[in-house]
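Chemist: Below is a structure I'd like to ask you about.
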There are 2 protein chains.
Amino acid sequence: MSTTLRDVARLAQVSVKTVSNVVNGYPHVSDGMRRRVEAALAALDYHPNRAARTLRTGRTRVLALTVAEADGVGVLARAVVRAAARHGYRVVIDPVDPECQGVATPPLSVDGCLLLTDLPAEPPTGGPPVVRLGQATAGGSADRVGIDHARATRDAVDHLVATGRSRIAAIGVAPGQPSATIGRQGYAEVLRAAGRDPLPGHLQQVPADQRSDGYRAARALLSQRRRPDAVVCASDALAIGALCAAADAGVRVPQDLAVIGVGGSEEGRWTRPALSTVAADPAFLARQAVARIVARIARPDAAPVTVVTPHTLLARESTRTSTSG
Amino acid sequence: MSTTLRDVARLAQVSVKTVSNVVNGYPHVSDGMRRRVEAALAALDYHPNRAARTLRTGRTRVLALTVAEADGVGVLARAVVRAAARHGYRVVIDPVDPECQGVATPPLSVDGCLLLTDLPAEPPTGGPPVVRLGQATAGGSADRVGIDHARATRDAVDHLVATGRSRIAAIGVAPGQPSATIGRQGYAEVLRAAGRDPLPGHLQQVPADQRSDGYRAARALLSQRRRPDAVVCASDALAIGALCAAADAGVRVPQDLAVIGVGGSEEGRWTRPALSTVAADPAFLARQAVARIVARIARPDAAPVTVVTPHTLLARESTRTSTSG
DNA sequence: TTGTATGCGTTATCAG
DNA sequence: CTGATAACGCATACAA
């Protein structure tokens with residue numbers, strides 16, 4: 001059995017309350033008392049029991065970063081961990097497995113969730129408060145923090161046009177996974193706004209946000225009669241798949257095809273050619289998200305807020321101007 | 001306030017104990033009673049309070065997968081989540097941030113830890129039980145589950161020799177991070193066993209297990225007077241860095257240089273050329289690891305166990321025989 | 001088969 | 001400034 005406040009109190013010859021006061025940094029404790037208690041604390045190697053504390057206070061001081069796919073979250077996770085630490089919160093990544101949905105696995109005991117996945121569509125009422133991450137589209141009952149994805153796509157297309165591309169295709173995820181969506185209408189609008197024509201069959205809507213989906217979509221694109229000379233992908237995972245498809249098809253990037261993603265993932269820095277991408281500043285995004293969830297925990301019934309974080313286009317090799325190739 | 005057992009008991013006109021029995025699937029409950037209780041449970045949308053349950057039972061039914069770097073853990077995490085679900089456990093990924101070490105952030109309340117990092121060197125006594133993952137080197141007080149890393153390295157080298165390579169270099173992580181280590185002595189032994197000479201300067205020991213470290217090490221290797229024609233890396237992250245370094249230096253893989261890693265990461269399937277690697281079966285490894293930690297939770301004082309899981313060499317493009325290039 | 005009562009380790013309320 | 005003491009919500013020994 002681990003040592004409790006009572007053990008410490010007994011050793012230090014004080015009441016439980018006094019020990020608790022010392023542990024929690026309560027200011028009105030006399031010096032002598034404090035030292036006596038601290039000595040006992042150290043001697044017994046006391047660690048507060050989280051469950052008891054949580055039961056009593058109703059708070060865990062733990063935040064969940066809920067993700068569908070743990071694979072590319074390194075950068076964001078680190079940023080969130082640091083941002084949360086400033087507020088005294090710990091962060092765990094909660095990888096939801098679609099196959100385990102039904103299985104009776106105990107729910108997590110956390111004060112709030114940062115949802116990087118689009119499951120569930122609507123967070124259950126009664127559970128901990130939720131902030132959606134990744135795309136700041138207003139609507140829905142939850143707070144949202146993320147870049148303006150439509151705007152990011154537009155910036156990507158503008159960049160492709162500016163670097164001399166004209167037949168610009170797109171790969172998005174079919175509705176249901178908004179974080180990586182490029183809609184049919186959005187595709188047409190964006191292209192027209194950039195002074196280019198949307199080409200029939202040049203928008204691929206894939207079922208999931210995976211590298212393999214990007215691969216298949218890009219293969220389809222590259223086998224068309226009017227082959228695109230650029231493809232904008234709704235996520236970096238899709239873009240990396242597209243990069244591989246091009247390589248396997250003998251299509252040179254960036255000479256014959258430009259590829260750009262959205263997300264600013266670390267992995268995109270380590271492909272060859274390196275992947276151009278539209279990225280949010282992860283530290284900024286994480287700070288906003290943590291600030292939101294902390295505020296929401298404090299006032300659960302406040303009106304939902306949407307925070308749009310700025311994004312930057314990172315032009316790397318995969319979209320280098322084709323005239324030099 | 002959320003609904004408690006008492007609320008349900010009141011509504012169903014039974015005692016708290018009976019409700020508890022129903023919730024926990026206690027068999028000796030009469031049918032009528034059970035239905036009455038279940039109706040009340042549903043009507044009030046009852047969810048047990050985790051903290052209270054944990055305080056009472058001393059168990060959280062949550063396992064932590066503790067990692068230093070969340071970036072490449074997707075495959076393993078999924079496998080662990082599934083393996084744990086069979087035992088009624090939930091899994092969270094605990095990303096430890098070296099910069100947050102000092103900060104007063106609350107400890108996690110879990111029943112056990114699967115350590116994929118080498119920090120801390122010795123898990124603190126008194127905390128939850130620990131199983132080390134990734135390399136099954138005996139010694140130390142903790143259980144271990146993983147492949148035989150020395151053997152994996154040997155298999156990689158054998159494969160390189162079999163495919164016609166002779167000047168075989170290596171990139172490992174300097175002592176302190178055993179999961180990605182290729183020692184000085186090990187390097188020499190392995191090469192001699194494979195009938196090749198260890199060349200001076202052909203073992204690079206890098207400070208951390210990152211793509212950037214692999215990149216720098218490979219650059220150094222490629223600028224040497226006797227340039228290697230193959231490099232075996234202690235991890236896939238290092239190997240991917242090496243792949244990039246070769247590309248940037250204009251060295252063709254696999255024609256001029258073969259590259260192989262260890263780990264079987266998903267990312268390695270999506271580089272071009274695709275990365276050859278020595279991989280454990282993640283599902284098998286996860287099952288072993290979860291079985292270990294569950295056993296350890298049940299009997300904390302049993303003697304530590306080391307489980308060696310089998311590995312397979314996945315020969316992909318990055319080590320294709322050079323005669324065809 | 002079901003109800004009553006106790007305690008898990010903390011924090012918070014209230015006297016002293 | 002410090003000490004008793006009462007919850008927090010649940011599971012269980014024991015009684016009925």
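Going through the structure tokens in order, the chains are called A, B, and so on, while each chain numbers its residues from 1 and the ligands are numbered from 1 in the order shown.
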Can you tell me, as JSON, numbers by chain, what residues are no more than 9 Å from Val73 of chain B when counting only C-alpha atoms (C1' of nucleotides), ignoring any on the same chain fewer than 2 positions away?
Modeler: {"A": [70, 71, 72], "B": [67, 69, 70, 71, 75, 76, 77, 78, 265]}
Chemist: Define the interface residues of chain C facing chain B as those within 10 Å, counting only C-alpha atoms (C1' of nucleotides), and report them as a PyMOL selection string.
Modeler: chain C and resi 1-4+7-9
Chemist: Taking only C-alpha atoms (C1' of nucleotides) into account, produce a table as a Markdown table in which each residue of chain D with an atom at most 7 Å from an atom of chain B appears once, together with its shortest atom pair and the distance in Å to one decimal, ordered by chain and rising number.
Modeler:
```
| residue | atom | partner | partner_atom | distance |
| --- | --- | --- | --- | --- |
| D:DG9 | C1' | B:Ala52 | CA | 5.0 |
| D:DC10 | C1' | B:Arg53 | CA | 5.3 |
| D:DA11 | C1' | B:Arg56 | CA | 6.4 |
```
Chemist: Could you pull out the residues in segment 5-167 of chain B that DSSP calls helix (DSSP H, G or I) from the backbone, as JSON, numbers by chain?
Modeler: {"B": [5, 6, 7, 8, 9, 10, 11, 12, 16, 17, 18, 19, 20, 21, 22, 23, 31, 32, 33, 34, 35, 36, 37, 38, 39, 40, 41, 42, 43, 44, 50, 51, 52, 53, 54, 55, 56, 57, 74, 75, 76, 77, 78, 79, 80, 81, 82, 83, 84, 85, 86, 98, 99, 100, 149, 150, 151, 152, 153, 154, 155, 156, 157, 158, 159, 160, 161, 162]}
Chemist: Report, in Å to a single decimal, how far apart atom CA of Leu44 of chain A and atom CA of Val8 of chain A are.
Modeler: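 Separation between atom CA of Val8 of chain A and atom CA of Leu44 of chain A: 7.0 Å.
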